Amino acid sequence: MLSEEKLLDQGIDQLREILGPGWTITPVNRAPATQEIALGPSDGAEQVVSIYSERGGGGTAQVLVEARESLTPIRARTEFGSKVRLMHRLTGTAAVLVIAPWLSPRSREALEALGYGYLDLTGNVSLRLSQPGIVIRTTGAQQDPTPKAGQGRQGLRGHRAGRLVRVLADVSPPYRATDLARVSGVSLSYTSRILDALEDEALITRKGRTVTNVDWAQLLGARAAQYGLLIANSYKPMVAQQGPERALANLRNHREEIEAIEPVAITGPFAAREIAPAVAVGGQLMLYVAPDSPPNALSRLMDTIGLIPSDVGADVLLLQAADSSVYERTREVNGVTHVALSQLAIDSLSGNGRMPAEGEAVIQFMAEHEQEWRVKDLNQVQEFIQ
């Protein structure tokens, strides 16, 4: 493993290679003592450098370079501010370049939001300077190529994480881990680990042990990135004998009969088009059915809706839900049961074809109508029933 001092040097060398001939990067705080810029103690290795073009005429930028073995989004937001302010007082500029072996997408987003540059050794680079004029943006690894054993970030895969994400998105804080565990049906220890990870990723904010804010849009995106609608749920391709619109009408007209067979909830394009008709055009009718649906119940359901199995030209997918939490807080739309908006966003963002764009449109709708769909109090949410 590289020491942070060697990481600093390697990152600066990599920047030199990117800039190419005609550019010079020289250290400032390794100059004689009369010229030193002291920025105080650091959790990592730091260096103030000057960047200028040997051709002249473009000005010189002084950049605070920080090397970190690792950096979470919450640390990215909080750890550089005082040094940036001090550097601005000393030099008149406050450009920052963070160097790490690898930076997660969320960490890069946090740095960009602050106007800081970054460079990781896998090739993710972003640096923008006005004097001299420099704009660099390259893409490297999106997943950690060398995750540390036993120290990896608690992921959002699996049904337990899905339940917690849904509650966090659907219900406005404040609440504590004990309350979330009770409502979601997930163990307190697992809930606490997830909350710790989400706080590191700046997806939630806590005061003491109480969750005070949830970045629900980013949280749903993070869950979708580790979910995969057609991977997490097994599915049966179908053809609607009279077209998917007629199958949808059958769902409405025979609702009580269908509910007596098993629960069904619409997700995917046909649900998204009720939210964003300009974006959700075409696509398959996707129906969640019970995860443990017996064959005879599924056959009765298919007959009632008017479906026949087919691997060719399928316009309907029966999704056998990996977890019954997809039925939590469902909505009634035009006489038919639809999944909750948070579930629809996750499903769409993690789907295929045009579905991710539909998911973004759903997120936008949710942001514009948050007061309408988000529950105000955790006590108003029914506890998850296994």
# chains A, B, ... in the order shown; residues from 1 in each chain; ligands from 1
$ residues_around --residues "Ala217 in chain A" --least-positions-apart "2" --cutoff "10 Å" --atoms "only C-alpha atoms" --output "ChimeraX atom specification"
/A:169,203,214-215,219-222,342,345-346,360,363-364,366-367
$ residues_around --residues "range 46-53 of chain A" --least-positions-apart "5" --cutoff "9 Å" --atoms "only C-alpha atoms" --output "PDB file with C-alpha atoms, in the first residue's frame"
ATOM      1  CA  GLU A   4       0.184   9.112   1.632  1.00  0.00           C
ATOM      2  CA  GLU A   5       3.473  10.925   0.953  1.00  0.00           C
ATOM      3  CA  LEU A   8       0.979  12.606  -3.157  1.00  0.00           C
ATOM      4  CA  GLY A  22       5.006  22.992 -21.658  1.00  0.00           C
ATOM      5  CA  TRP A  23       3.483  22.873 -18.171  1.00  0.00           C
ATOM      6  CA  THR A  24       5.358  23.048 -14.880  1.00  0.00           C
ATOM      7  CA  ILE A  25       4.247  21.990 -11.412  1.00  0.00           C
ATOM      8  CA  THR A  26       6.546  23.129  -8.618  1.00  0.00           C
ATOM      9  CA  PRO A  27       6.149  22.833  -4.829  1.00  0.00           C
ATOM     10  CA  VAL A  28       5.542  25.974  -2.807  1.00  0.00           C
ATOM     11  CA  ASN A  29       5.740  24.737   0.771  1.00  0.00           C
ATOM     12  CA  ARG A  30       9.002  22.940   0.119  1.00  0.00           C
ATOM     13  CA  ILE A  37       2.733  28.352   3.498  1.00  0.00           C
ATOM     14  CA  LEU A  39      -1.639  25.057   6.677  1.00  0.00           C
ATOM     15  CA  GLY A  58      -1.521  32.402 -18.764  1.00  0.00           C
ATOM     16  CA  GLY A  59      -0.879  33.231 -15.133  1.00  0.00           C
ATOM     17  CA  THR A  60       0.053  30.962 -12.254  1.00  0.00           C
ATOM     18  CA  ALA A  61      -2.269  28.983 -10.002  1.00  0.00           C
ATOM     19  CA  GLN A  62      -1.433  27.860  -6.506  1.00  0.00           C
ATOM     20  CA  VAL A  63      -3.255  24.666  -5.642  1.00  0.00           C
ATOM     21  CA  LEU A  64      -3.613  22.914  -2.312  1.00  0.00           C
ATOM     22  CA  VAL A  65      -3.029  19.217  -3.018  1.00  0.00           C
ATOM     23  CA  GLU A  66      -4.228  16.724  -0.395  1.00  0.00           C
ATOM     24  CA  ALA A  67      -3.455  13.008  -0.580  1.00  0.00           C
ATOM     25  CA  ARG A  68      -5.755  10.649   1.295  1.00  0.00           C
ATOM     26  CA  GLN A 131      -5.648  31.229 -14.482  1.00  0.00           C
ATOM     27  CA  PRO A 132      -3.984  29.475 -16.207  1.00  0.00           C
TER      28      PRO A 132
END
$ select_by_dssp --residues "range 118-178 of chain A" --states "strand (DSSP E or B)" --output "MDAnalysis selection string"
chainID A and resid 118:120 125:129 134:138 171 175:176
$ atom_distance --atom1 "CA of Gly81 in chain A" --atom2 "CA of Ala95 in chain A"
11.4 Å
$ closest_residue --among "A:Ala361, A:Ala297, A:Arg354, A:Gly268" --to "Val316 in chain A" --atoms "only C-alpha atoms"
A:Gly268
